[in-house]
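Read through the structure below, which is laid out as structure tokens, and then see the notes.
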Amino acid sequence: MTHLPDPCLPVGALSGSWERVRDGLPSIRPEKKDGLKIVVVGAGLSGSSVSATLAEQGYRVTLITYHDSPRRAHSVAAQGGINAARPIRDSGLDGIDELFKDTLRGGDFRAREASCRRLAEISSSIIDQCVAQGVPFAREYSGELATRRFGGALLSRTFYARGQTGQQLLYGAYQSLMRQVANKRVELLPHRDVIELIKVNGVVRGVISRNLLNGELEAHKANAVILATGGYSNVYFLSTNSIKSNASVIWRAHRQGAFFANPCFTQIHPTCIPSGDDFQSKLTLMSESLRNDGRIWLPKKAHDERNPSNIPEIDRDYFLERLYPSYGNMVPRDVASRRAKELCDSGFGVGVGGRSIYLDLRDAILMQGSDVIKSKYGNLLEMYERIVGEDPYLMPMRIYPAPHYTMGGLWVDYNLMSNLPGLFVLGEANCTVHGANRLGANALLQCLGDGYFIAPYSIAAWLATQTFTSNWKQIDNACKDALSTARNRIDGLIKVNGEVPVDNFHRELGDIMIKRCGISRNKNDLRTGLNEVKTLQNKFHSQVRIPPLENSPNPELEKAMRVADFLELAQLILVDAHSREESCGAHFREEYQSAEGEAVRDDKHFAHIAAWEYVEGGKSIKHLENLTFKEFPPSTRCYQ
Amino acid sequence: MIKRISLTLRIWRQESHCSEGKFEDYFMKDLSTNLSLLEALDKLNHQLIVKGQRPVNFDHDCREGICGSCGFLVNGQAHGPQNATTCCQLYLRKLQDESTLTLEPWRTKTFPIIQDLVVDRSSLDRLIVSGGFCSVDTGKVPDANEFKVSQQQAFSAFQTATCIGCGACIASCRNSSASLFTAAKIAHLGQLPQGQLSRLKRAQAMNKQMFIEGFGSCSNNLDCEASCPKEISANWISWMNNEVRQYKKDFS
Ligand SMILES: Cc1cc2nc3c(=O)[nH]c(=O)nc-3n(C[C@H](O)[C@H](O)[C@H](O)COP(=O)(O)OP(=O)(O)OC[C@H]3O[C@@H](n4cnc5c(N)ncnc54)[C@H](O)[C@@H]3O)c2cc1C
Ligand code: FES
């Protein structure tokens, strides 16, 4: 059994602690940097931003992504916006404290206080950076940056570019990255799936990739490896994530010894286009920003099948406004999702199978005019119309919660390094600031904070302490081992040659996970779920069919490798959810709720990060990192 | 009630860049009109895999019209018949029952075919590498509100910045010109105060790269604008040409 390393939290006053830590970190002589190679896996916001920054500083960077271009990373799909501390009018406050507290409270006190504080403190430099790159944020009449409100916040501090904020931020980072490609500081390797890590004497020294065009396996040696591969919501099959988003690299790292933290902290987003058809491949998000102007309601009568336009005001239940008078439609995601599910479970739902609620823009259009609404949400509303075939300016939208974001991820210390030396993890793939529930518009912030302003310093500090004495022979042997592990996995999967396509297993896994470990969870379901996943996993390894294409593209093999990893990860998620006997944030255990149906946290026993260690063929071991709160003691979340 | 239709999909099948390709017909019935065209292809692939045949390869990822991965010709039209819509957002309710859809890859020599409907669009990345960025280093930037940008200016820059790099404009142009793609980037940055530094140089460098990559020149047929899923205006091409002329005046 390995021990959980020191999380390296700063000492002393919380405020300004990151600046103090940063300024005290060892640095590297510029001439030495050129000899150091860093492999980055993933070109989303976190991967692109860290690659560009490290390259500017003089390191040699190799960036690997499975897309044909970094511009297609899943970050491109983020809609609503990015948070940053904003001075509060007429108060003399800079807004940092408020963002820090909202982040910690939003995560239901299951994140590190120091990391949340740092996120808030660096937030405004992130906006400065993006603006300088040419990100066309929305503006006020005065020409200054505009903001809007997001769920879980009483302040307006979300910066946005219509409903395409992620796209614009990603293009900013992508363009900075391409500038370094032009300078020959970044080697870009698209069309490659990373499928294994290379470890030498316990230190991570590279990765193995599979070339998706010709099937070749390639070894990439490095002085440090950064994983920025995004979240694992696709374990639920139907989610708001891009189809290829996956957990493979972090899962492979976990199998090689990296601890997996809080895997059961998965977020369900309240406002997505619901599912309907058998071959439906994803659930599309309708940004939370719509809750600024849209009102959520259901008919007061169960099984009311009237056309919504014919349901008069007195027969409508604006349930979030009713239950939460101060936050109203803007309560955090977990709260909104749970209330929606409960009402649908009791027969009040509308649409296919009664699995939808209404999100209605009628009143906002009456008050502000459809032009104003169009200027705020035009592209989202067009997307809704294309997918559903109904006009949201005339009919309320039908929405339902869907898996969206994963707060869990590889365990990292305050410096974003995993317990495997040399392996850094950034963005949605790690578990740093979002605790048990991510606040809307904080993910983009965290990705860019990790990539532009944290990792470049902490990696330099780590590299400065390393001598890299392992000889080339050892590294070559480690590469050979990793290559043969990867080769055996692939051959094993193709050899099954059963009759069932990969998607069938993935869809079935998703059904199990959403039913047993979705919006709400309980002991029995989690146990049953675990057995169901194990059975499915056995079926997968004896019945899957993958076309035996060796030296050419083979998208079915790509999918199969991802699903094989999801089947293993799913079990850890269930085990973690089972062992966390409290309700917190997005993790709602039915056994632990108040008479009013609100989550009941157990700070005495569960104020910790659960970091799981992989055990080959045995039960995973749970390590606890206890969380302490100096400046903002845990309180019960209250949004009434 | 879910409506169902049947379709004949005539799909270009080609093993690799060096092999020859041909059309194959696949008849599909009982398709719910709530499926997207790509979901219909998923369903076809399911059937092909079960039959032991090679599934159809097509690029995709977000399936919400934003990543720019998907893209092929549907009956000769880039992304198909629906205005301002990528093919992942084309739903079967927009198609005629019992019709035939011909699906083929972008056809231009600057996008070599990889397999079936998938092409190599790395030339677009190289266009960005040639100058499609603002030259700022991390952390060495002024306060965001030092740049004042009017609402109109911000919105106009945003509109050009929405290009998803799918390549439809190039595939629809009889000259295979990348003028709309390039103009969109030059206009995005050139309209903002942050992009003023090296504005003309950027325009010149990106135009030179278009030529090096072998993209054709623009002859104002406007098929690019018509096929752009983000409705970027071809007027930006003349704007770009002006910038290049200006560069030549200033720097030669
Ligand atoms: C629809 C949607 C809307 C959202 N809206 C918002 C919002 O408004 N505000 C907000 O703050 N957050 C939002 N989020 C969350 C946010 O977008 C993500 O958390 C964030 O973009 C993740 O970025 P990332 O850099 O961690 O990874 P990603 O952007 O997911 O990138 C992952 C990268 O890793 C690569 N990769 C993965 N696996 C491999 C492998 N095996 N081999 C090689 N490469 C690999 C991929 O190619 C990709 O380049 C939204 C999320 C979704 C799904
Ligand atoms: S799949 Fe992303 S734009 Fe179509």
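Chain lettering (A, B, ...) mirrors the order of the structure tokens, residue numbering begins at 1 for each chain separately, and ligand numbering begins at 1 in order of display.
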- Query: So which residues of segment 224-448 of chain A fall under strand (DSSP E) by DSSP, listed as a count of residues only?
  - Reply: 39
- Counting only C-alpha atoms and all ligand atoms, name the residues that have an atom within 6 Å of an atom of ligand 1; the answer should be given as a VMD selection string. chain A and resid 41 to 47 64 to 67 70 73 to 75 77 to 82 192 to 195 228 to 230 240 to 241 246 248 to 249 285 404 427 to 429 440 to 445 447
- Task: List all protein, DNA and RNA residues that have at least one atom no more than 6 Å from any atom of ligand 2, counting only C-alpha atoms and all ligand atoms, and write them as a list in words.
- Result: His60, Asp61, Cys62, Arg63, Glu64, Gly65, Ile66, Cys67, Gly68, Ser69, Cys70, Thr86 and Cys88 of chain B
Output of the above residues as a PDB file, in the first residue's frame, restricted to all heavy atoms:
ATOM      1  N   HIS B  60     -16.635  13.334 -36.637  1.00  0.00           N
ATOM      2  CA  HIS B  60     -17.679  13.945 -35.809  1.00  0.00           C
ATOM      3  C   HIS B  60     -17.138  14.015 -34.403  1.00  0.00           C
ATOM      4  O   HIS B  60     -16.172  13.335 -34.072  1.00  0.00           O
ATOM      5  CB  HIS B  60     -18.927  13.057 -35.804  1.00  0.00           C
ATOM      6  CG  HIS B  60     -18.677  11.746 -35.122  1.00  0.00           C
ATOM      7  ND1 HIS B  60     -19.023  11.510 -33.817  1.00  0.00           N
ATOM      8  CD2 HIS B  60     -18.048  10.636 -35.542  1.00  0.00           C
ATOM      9  CE1 HIS B  60     -18.641  10.287 -33.478  1.00  0.00           C
ATOM     10  NE2 HIS B  60     -18.040   9.737 -34.495  1.00  0.00           N
ATOM     11  N   ASP B  61     -17.720  14.847 -33.565  1.00  0.00           N
ATOM     12  CA  ASP B  61     -17.417  14.762 -32.140  1.00  0.00           C
ATOM     13  C   ASP B  61     -18.494  15.439 -31.302  1.00  0.00           C
ATOM     14  O   ASP B  61     -19.219  14.783 -30.577  1.00  0.00           O
ATOM     15  CB  ASP B  61     -16.035  15.321 -31.800  1.00  0.00           C
ATOM     16  CG  ASP B  61     -15.550  14.821 -30.433  1.00  0.00           C
ATOM     17  OD1 ASP B  61     -16.130  13.850 -29.930  1.00  0.00           O
ATOM     18  OD2 ASP B  61     -14.592  15.386 -29.865  1.00  0.00           O
ATOM     19  N   CYS B  62     -18.643  16.766 -31.428  1.00  0.00           N
ATOM     20  CA  CYS B  62     -19.568  17.452 -30.520  1.00  0.00           C
ATOM     21  C   CYS B  62     -21.027  17.149 -30.846  1.00  0.00           C
ATOM     22  O   CYS B  62     -21.877  17.113 -29.985  1.00  0.00           O
ATOM     23  CB  CYS B  62     -19.343  18.963 -30.576  1.00  0.00           C
ATOM     24  SG  CYS B  62     -19.951  19.723 -32.085  1.00  0.00           S
ATOM     25  N   ARG B  63     -21.302  16.978 -32.112  1.00  0.00           N
ATOM     26  CA  ARG B  63     -22.666  16.768 -32.606  1.00  0.00           C
ATOM     27  C   ARG B  63     -23.610  17.894 -32.198  1.00  0.00           C
ATOM     28  O   ARG B  63     -24.813  17.676 -31.999  1.00  0.00           O
ATOM     29  CB  ARG B  63     -23.208  15.408 -32.157  1.00  0.00           C
ATOM     30  CG  ARG B  63     -22.343  14.282 -32.711  1.00  0.00           C
ATOM     31  CD  ARG B  63     -23.119  13.019 -32.901  1.00  0.00           C
ATOM     32  NE  ARG B  63     -22.272  11.991 -33.503  1.00  0.00           N
ATOM     33  CZ  ARG B  63     -22.706  10.810 -33.855  1.00  0.00           C
ATOM     34  NH1 ARG B  63     -23.961  10.492 -33.675  1.00  0.00           N
ATOM     35  NH2 ARG B  63     -21.890   9.937 -34.402  1.00  0.00           N
ATOM     36  N   GLU B  64     -23.048  19.075 -31.992  1.00  0.00           N
ATOM     37  CA  GLU B  64     -23.940  20.222 -31.793  1.00  0.00           C
ATOM     38  C   GLU B  64     -23.518  21.408 -32.638  1.00  0.00           C
ATOM     39  O   GLU B  64     -23.825  22.540 -32.312  1.00  0.00           O
ATOM     40  CB  GLU B  64     -24.122  20.589 -30.322  1.00  0.00           C
ATOM     41  CG  GLU B  64     -22.963  20.348 -29.410  1.00  0.00           C
ATOM     42  CD  GLU B  64     -23.312  20.621 -27.949  1.00  0.00           C
ATOM     43  OE1 GLU B  64     -23.832  19.714 -27.269  1.00  0.00           O
ATOM     44  OE2 GLU B  64     -23.049  21.727 -27.505  1.00  0.00           O
ATOM     45  N   GLY B  65     -22.813  21.146 -33.719  1.00  0.00           N
ATOM     46  CA  GLY B  65     -22.530  22.200 -34.679  1.00  0.00           C
ATOM     47  C   GLY B  65     -21.461  23.185 -34.266  1.00  0.00           C
ATOM     48  O   GLY B  65     -21.412  24.300 -34.778  1.00  0.00           O
ATOM     49  N   ILE B  66     -20.569  22.798 -33.340  1.00  0.00           N
ATOM     50  CA  ILE B  66     -19.610  23.789 -32.861  1.00  0.00           C
ATOM     51  C   ILE B  66     -18.154  23.362 -33.025  1.00  0.00           C
ATOM     52  O   ILE B  66     -17.272  24.212 -33.107  1.00  0.00           O
ATOM     53  CB  ILE B  66     -19.938  24.187 -31.389  1.00  0.00           C
ATOM     54  CG1 ILE B  66     -19.209  25.449 -30.962  1.00  0.00           C
ATOM     55  CG2 ILE B  66     -19.631  23.063 -30.433  1.00  0.00           C
ATOM     56  CD1 ILE B  66     -19.735  26.705 -31.555  1.00  0.00           C
ATOM     57  N   CYS B  67     -17.874  22.064 -33.094  1.00  0.00           N
ATOM     58  CA  CYS B  67     -16.457  21.665 -33.137  1.00  0.00           C
ATOM     59  C   CYS B  67     -15.893  21.693 -34.547  1.00  0.00           C
ATOM     60  O   CYS B  67     -14.680  21.745 -34.733  1.00  0.00           O
ATOM     61  CB  CYS B  67     -16.253  20.294 -32.501  1.00  0.00           C
ATOM     62  SG  CYS B  67     -16.825  18.903 -33.488  1.00  0.00           S
ATOM     63  N   GLY B  68     -16.770  21.637 -35.557  1.00  0.00           N
ATOM     64  CA  GLY B  68     -16.297  21.686 -36.942  1.00  0.00           C
ATOM     65  C   GLY B  68     -15.737  20.367 -37.444  1.00  0.00           C
ATOM     66  O   GLY B  68     -15.161  20.303 -38.521  1.00  0.00           O
ATOM     67  N   SER B  69     -15.905  19.275 -36.679  1.00  0.00           N
ATOM     68  CA  SER B  69     -15.371  17.986 -37.128  1.00  0.00           C
ATOM     69  C   SER B  69     -16.153  17.423 -38.302  1.00  0.00           C
ATOM     70  O   SER B  69     -15.573  16.902 -39.245  1.00  0.00           O
ATOM     71  CB  SER B  69     -15.435  16.946 -35.999  1.00  0.00           C
ATOM     72  OG  SER B  69     -14.600  17.295 -34.947  1.00  0.00           O
ATOM     73  N   CYS B  70     -17.472  17.480 -38.209  1.00  0.00           N
ATOM     74  CA  CYS B  70     -18.256  16.803 -39.235  1.00  0.00           C
ATOM     75  C   CYS B  70     -18.262  17.642 -40.508  1.00  0.00           C
ATOM     76  O   CYS B  70     -17.973  18.831 -40.485  1.00  0.00           O
ATOM     77  CB  CYS B  70     -19.681  16.569 -38.760  1.00  0.00           C
ATOM     78  SG  CYS B  70     -20.615  18.087 -38.534  1.00  0.00           S
ATOM     79  N   THR B  86     -24.746  22.510 -39.706  1.00  0.00           N
ATOM     80  CA  THR B  86     -23.757  21.463 -39.992  1.00  0.00           C
ATOM     81  C   THR B  86     -24.467  20.124 -40.122  1.00  0.00           C
ATOM     82  O   THR B  86     -25.582  19.971 -39.616  1.00  0.00           O
ATOM     83  CB  THR B  86     -22.753  21.348 -38.835  1.00  0.00           C
ATOM     84  OG1 THR B  86     -23.499  21.175 -37.629  1.00  0.00           O
ATOM     85  CG2 THR B  86     -21.881  22.585 -38.725  1.00  0.00           C
ATOM     86  N   CYS B  88     -24.155  17.409 -38.581  1.00  0.00           N
ATOM     87  CA  CYS B  88     -24.534  16.737 -37.335  1.00  0.00           C
ATOM     88  C   CYS B  88     -25.841  17.292 -36.784  1.00  0.00           C
ATOM     89  O   CYS B  88     -26.486  16.663 -35.949  1.00  0.00           O
ATOM     90  CB  CYS B  88     -23.436  16.875 -36.284  1.00  0.00           C
ATOM     91  SG  CYS B  88     -23.007  18.574 -35.861  1.00  0.00           S
TER      92      CYS B  88
END
- Point out the residue among B:Arg4, B:Arg174, B:Lys248, B:Lys148 with the least atom-to-atom distance to Thr33 of chain B, counting only C-alpha atoms. B:Arg4
Do you have, as a Markdown table, the list of residues of chain A lying at most 7 Å from chain B, each with its nearest atom pair and that distance in Å to one decimal, counting only C-alpha atoms and ordered by chain then number?
| residue | atom | partner | partner_atom | distance |
| --- | --- | --- | --- | --- |
| A:Thr53 | CA | B:Thr138 | CA | 6.0 |
| A:Glu56 | CA | B:Asp137 | CA | 6.8 |
| A:Ser69 | CA | B:Asp125 | CA | 6.9 |
| A:Arg72 | CA | B:Cys67 | CA | 4.8 |
| A:His74 | CA | B:Cys62 | CA | 7.0 |
| A:Val76 | CA | B:Cys67 | CA | 6.1 |
| A:Ala77 | CA | B:Ile66 | CA | 6.1 |
| A:Ile127 | CA | B:Ala144 | CA | 6.6 |
| A:Asp128 | CA | B:Ala144 | CA | 4.3 |
| A:Gln129 | CA | B:Val141 | CA | 6.2 |
| A:Val131 | CA | B:Ala144 | CA | 5.8 |
| A:Ala132 | CA | B:Gln194 | CA | 5.7 |
| A:Gln133 | CA | B:Cys134 | CA | 5.4 |
| A:Gly134 | CA | B:Gln194 | CA | 5.8 |
| A:Pro136 | CA | B:Phe158 | CA | 5.3 |
| A:Phe137 | CA | B:Ala154 | CA | 7.0 |
| A:Ala138 | CA | B:Ala154 | CA | 6.5 |
| A:Arg139 | CA | B:Gln151 | CA | 5.4 |
| A:Glu140 | CA | B:Gln151 | CA | 6.5 |
| A:Tyr141 | CA | B:Gln151 | CA | 6.2 |
| A:Gly143 | CA | B:Val149 | CA | 4.6 |
| A:Glu144 | CA | B:Lys148 | CA | 5.7 |
| A:Leu145 | CA | B:Asn145 | CA | 6.7 |
| A:Gln175 | CA | B:Phe133 | CA | 5.0 |
| A:Ser176 | CA | B:Phe133 | CA | 6.4 |
| A:Met178 | CA | B:Val129 | CA | 5.0 |
| A:Arg179 | CA | B:Val129 | CA | 5.9 |
| A:Val181 | CA | B:Val129 | CA | 6.7 |
| A:Ala182 | CA | B:Val129 | CA | 5.4 |
| A:Ser242 | CA | B:Cys62 | CA | 4.2 |
| A:Ile243 | CA | B:Asp61 | CA | 5.1 |
| A:Lys244 | CA | B:Asp61 | CA | 6.0 |
| A:Phe279 | CA | B:Glu39 | CA | 6.3 |
| A:Gln280 | CA | B:Leu35 | CA | 6.5 |
| A:Ser281 | CA | B:Glu39 | CA | 6.6 |
| A:Arg386 | CA | B:Gln89 | CA | 6.6 |
| A:Ile387 | CA | B:Tyr91 | CA | 6.8 |
| A:Tyr452 | CA | B:Thr138 | CA | 6.6 |
| A:Glu499 | CA | B:Val50 | CA | 6.1 |
| A:Val500 | CA | B:Val50 | CA | 6.7 |
| A:Pro501 | CA | B:His46 | CA | 6.5 |
| A:Pro547 | CA | B:Arg54 | CA | 6.6 |
- Where in segment 92-126 of chain B does DSSP assign helix (DSSP H, G or I), given as an MDAnalysis selection string? chainID B and resid 92:94 122:126
Resulting file, chosen residues, N, CA and C atoms, as a PDB file, in the first residue's frame:
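In the end it all went to result_8.pdb:
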ATOM      1  N   LEU B  92     -33.581  14.226 -39.562  1.00  0.00           N
ATOM      2  CA  LEU B  92     -34.247  13.549 -40.675  1.00  0.00           C
ATOM      3  C   LEU B  92     -35.621  14.152 -40.972  1.00  0.00           C
ATOM      4  N   ARG B  93     -36.195  14.898 -40.016  1.00  0.00           N
ATOM      5  CA  ARG B  93     -37.500  15.501 -40.295  1.00  0.00           C
ATOM      6  C   ARG B  93     -37.406  16.532 -41.414  1.00  0.00           C
ATOM      7  N   LYS B  94     -36.181  16.957 -41.741  1.00  0.00           N
ATOM      8  CA  LYS B  94     -36.004  17.920 -42.830  1.00  0.00           C
ATOM      9  C   LYS B  94     -35.883  17.213 -44.184  1.00  0.00           C
ATOM     10  N   SER B 122      -5.528  19.521 -42.474  1.00  0.00           N
ATOM     11  CA  SER B 122      -4.425  20.164 -41.743  1.00  0.00           C
ATOM     12  C   SER B 122      -3.978  21.464 -42.409  1.00  0.00           C
ATOM     13  N   SER B 123      -4.323  21.647 -43.690  1.00  0.00           N
ATOM     14  CA  SER B 123      -3.948  22.909 -44.339  1.00  0.00           C
ATOM     15  C   SER B 123      -4.580  24.104 -43.610  1.00  0.00           C
ATOM     16  N   LEU B 124      -5.739  23.902 -42.995  1.00  0.00           N
ATOM     17  CA  LEU B 124      -6.376  25.018 -42.276  1.00  0.00           C
ATOM     18  C   LEU B 124      -5.567  25.395 -41.031  1.00  0.00           C
ATOM     19  N   ASP B 125      -5.039  24.372 -40.345  1.00  0.00           N
ATOM     20  CA  ASP B 125      -4.188  24.665 -39.184  1.00  0.00           C
ATOM     21  C   ASP B 125      -2.948  25.443 -39.629  1.00  0.00           C
ATOM     22  N   ARG B 126      -2.402  25.041 -40.776  1.00  0.00           N
ATOM     23  CA  ARG B 126      -1.180  25.730 -41.238  1.00  0.00           C
ATOM     24  C   ARG B 126      -1.472  27.183 -41.605  1.00  0.00           C
TER      25      ARG B 126
END
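The space separating atom CA of Glu590 of chain A from atom CA of Asp602 of chain A comes to 13.7 Å.
Of the residues listed (B:Ile212, B:Ala184, B:Cys18, B:Leu200), B:Ala184 shows the shortest atom-to-atom separation from Cys228 of chain B; distances use only C-alpha atoms.
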- Just the residues within 9 Å of Met210 of chain B, please, counting only C-alpha atoms, with nothing from its chain fewer than 2 positions along; format it as a ChimeraX atom specification. /B:123,127,177-179,182,205-208,212-217
- Would you kindly return, as an MDAnalysis selection string, each protein, DNA or RNA residue with an atom no farther than 9 Å from any atom of Trp106 of chain B, considering only C-alpha atoms and excluding same-chain residues fewer than 6 positions away? chainID B and resid 71:73 78 112:113 117:119 167:168 170:172
Write the residues you've just listed into a file as an mmCIF file, in the first residue's frame, and include N, CA, C and O atoms for each of them.
data_model
loop_
_atom_site.group_PDB
_atom_site.id
_atom_site.type_symbol
_atom_site.label_atom_id
_atom_site.label_comp_id
_atom_site.auth_asym_id
_atom_site.auth_seq_id
_atom_site.Cartn_x
_atom_site.Cartn_y
_atom_site.Cartn_z
ATOM 1 N N GLY B 71 -18.622 17.029 -41.591
ATOM 2 C CA GLY B 71 -18.722 17.776 -42.840
ATOM 3 C C GLY B 71 -18.515 16.867 -44.026
ATOM 4 O O GLY B 71 -17.515 16.158 -44.104
ATOM 5 N N PHE B 72 -19.512 16.789 -44.882
ATOM 6 C CA PHE B 72 -19.383 16.102 -46.168
ATOM 7 C C PHE B 72 -20.466 16.664 -47.064
ATOM 8 O O PHE B 72 -21.294 17.475 -46.612
ATOM 9 N N LEU B 73 -20.421 16.261 -48.325
ATOM 10 C CA LEU B 73 -21.429 16.761 -49.247
ATOM 11 C C LEU B 73 -22.665 15.878 -49.163
ATOM 12 O O LEU B 73 -22.559 14.652 -49.136
ATOM 13 N N ALA B 78 -22.578 21.183 -49.433
ATOM 14 C CA ALA B 78 -21.805 21.022 -48.206
ATOM 15 C C ALA B 78 -22.751 21.060 -47.006
ATOM 16 O O ALA B 78 -23.562 21.972 -46.884
ATOM 17 N N PRO B 112 -6.824 16.104 -48.859
ATOM 18 C CA PRO B 112 -6.735 14.717 -49.345
ATOM 19 C C PRO B 112 -7.682 13.788 -48.576
ATOM 20 O O PRO B 112 -7.870 13.973 -47.368
ATOM 21 N N ILE B 113 -8.244 12.814 -49.269
ATOM 22 C CA ILE B 113 -9.161 11.878 -48.606
ATOM 23 C C ILE B 113 -8.372 10.923 -47.714
ATOM 24 O O ILE B 113 -7.344 10.389 -48.107
ATOM 25 N N LEU B 117 -15.679 9.270 -45.845
ATOM 26 C CA LEU B 117 -16.094 10.672 -45.820
ATOM 27 C C LEU B 117 -15.105 11.570 -45.070
ATOM 28 O O LEU B 117 -15.371 12.749 -44.850
ATOM 29 N N VAL B 118 -13.977 11.005 -44.668
ATOM 30 C CA VAL B 118 -13.024 11.759 -43.843
ATOM 31 C C VAL B 118 -11.889 12.312 -44.704
ATOM 32 O O VAL B 118 -11.289 11.575 -45.494
ATOM 33 N N VAL B 119 -11.615 13.602 -44.540
ATOM 34 C CA VAL B 119 -10.515 14.214 -45.291
ATOM 35 C C VAL B 119 -9.502 14.846 -44.341
ATOM 36 O O VAL B 119 -9.795 15.052 -43.161
ATOM 37 N N GLY B 167 -14.401 23.654 -43.208
ATOM 38 C CA GLY B 167 -13.927 23.498 -44.584
ATOM 39 C C GLY B 167 -15.020 23.535 -45.633
ATOM 40 O O GLY B 167 -14.744 23.384 -46.830
ATOM 41 N N ALA B 168 -16.267 23.750 -45.221
ATOM 42 C CA ALA B 168 -17.373 23.752 -46.188
ATOM 43 C C ALA B 168 -17.175 24.818 -47.263
ATOM 44 O O ALA B 168 -17.459 24.593 -48.439
ATOM 45 N N ILE B 170 -14.529 25.941 -48.588
ATOM 46 C CA ILE B 170 -13.526 25.544 -49.572
ATOM 47 C C ILE B 170 -14.090 24.442 -50.463
ATOM 48 O O ILE B 170 -13.929 24.455 -51.685
ATOM 49 N N ALA B 171 -14.796 23.499 -49.825
ATOM 50 C CA ALA B 171 -15.367 22.398 -50.599
ATOM 51 C C ALA B 171 -16.449 22.885 -51.552
ATOM 52 O O ALA B 171 -16.727 22.242 -52.564
ATOM 53 N N SER B 172 -17.083 24.020 -51.246
ATOM 54 C CA SER B 172 -18.165 24.504 -52.103
ATOM 55 C C SER B 172 -17.662 25.409 -53.212
ATOM 56 O O SER B 172 -18.407 25.734 -54.130
#
- Message: Considering only C-alpha atoms, can you say which of B:Ala226, B:Cys169, B:Leu9, B:Leu44 comes closest to Leu101 of chain B?
- Response: B:Leu9
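Here the question is which of A:Glu113, A:Glu568, A:Glu288, A:Asp102 gets nearest to Arg148 of chain A using only C-alpha atoms, and that residue is A:Glu288.
Residues within 8 Å of Thr8 of chain B, counting only C-alpha atoms and excluding same-chain residues fewer than 6 positions away, are Asp25, Tyr26, Phe27, Met28, Glu98, Ser99, Thr100 and Leu101 of chain B.
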Those residues you just picked out, can you put them in a file as a PDB file, in the first residue's frame with N, CA, C and O atoms?
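So out-v1.pdb came out as:
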ATOM      1  N   ASP B  25     -24.720   1.769 -52.335  1.00  0.00           N
ATOM      2  CA  ASP B  25     -26.075   2.119 -51.888  1.00  0.00           C
ATOM      3  C   ASP B  25     -26.476   1.328 -50.649  1.00  0.00           C
ATOM      4  O   ASP B  25     -26.238   0.119 -50.595  1.00  0.00           O
ATOM      5  N   TYR B  26     -27.066   2.005 -49.699  1.00  0.00           N
ATOM      6  CA  TYR B  26     -27.570   1.329 -48.507  1.00  0.00           C
ATOM      7  C   TYR B  26     -29.002   1.777 -48.302  1.00  0.00           C
ATOM      8  O   TYR B  26     -29.266   2.976 -48.191  1.00  0.00           O
ATOM      9  N   PHE B  27     -29.914   0.833 -48.229  1.00  0.00           N
ATOM     10  CA  PHE B  27     -31.309   1.177 -48.025  1.00  0.00           C
ATOM     11  C   PHE B  27     -31.615   1.087 -46.530  1.00  0.00           C
ATOM     12  O   PHE B  27     -31.285   0.102 -45.877  1.00  0.00           O
ATOM     13  N   MET B  28     -32.202   2.139 -45.974  1.00  0.00           N
ATOM     14  CA  MET B  28     -32.514   2.128 -44.546  1.00  0.00           C
ATOM     15  C   MET B  28     -33.979   2.443 -44.348  1.00  0.00           C
ATOM     16  O   MET B  28     -34.473   3.464 -44.813  1.00  0.00           O
ATOM     17  N   GLU B  98     -38.426   8.342 -48.496  1.00  0.00           N
ATOM     18  CA  GLU B  98     -38.074   7.556 -49.688  1.00  0.00           C
ATOM     19  C   GLU B  98     -37.148   8.280 -50.647  1.00  0.00           C
ATOM     20  O   GLU B  98     -37.091   7.937 -51.823  1.00  0.00           O
ATOM     21  N   SER B  99     -36.417   9.266 -50.143  1.00  0.00           N
ATOM     22  CA  SER B  99     -35.493   9.938 -51.058  1.00  0.00           C
ATOM     23  C   SER B  99     -34.119   9.259 -51.008  1.00  0.00           C
ATOM     24  O   SER B  99     -33.848   8.428 -50.157  1.00  0.00           O
ATOM     25  N   THR B 100     -33.276   9.633 -51.977  1.00  0.00           N
ATOM     26  CA  THR B 100     -31.912   9.121 -52.007  1.00  0.00           C
ATOM     27  C   THR B 100     -30.967  10.253 -51.629  1.00  0.00           C
ATOM     28  O   THR B 100     -31.098  11.364 -52.135  1.00  0.00           O
ATOM     29  N   LEU B 101     -30.063   9.986 -50.716  1.00  0.00           N
ATOM     30  CA  LEU B 101     -29.082  11.003 -50.322  1.00  0.00           C
ATOM     31  C   LEU B 101     -27.707  10.535 -50.755  1.00  0.00           C
ATOM     32  O   LEU B 101     -27.284   9.437 -50.391  1.00  0.00           O
TER      33      LEU B 101
END
- Query: Excluding same-chain residues fewer than 2 positions from Thr406 of chain A, what lies within 8 Å of it counting only C-alpha atoms, as a list in words?
  - Reply: Gly231, Tyr232, Ser233, Pro263, Phe265, Thr266, Gln267, His404, Gly408, Gly409 and Glu428 of chain A
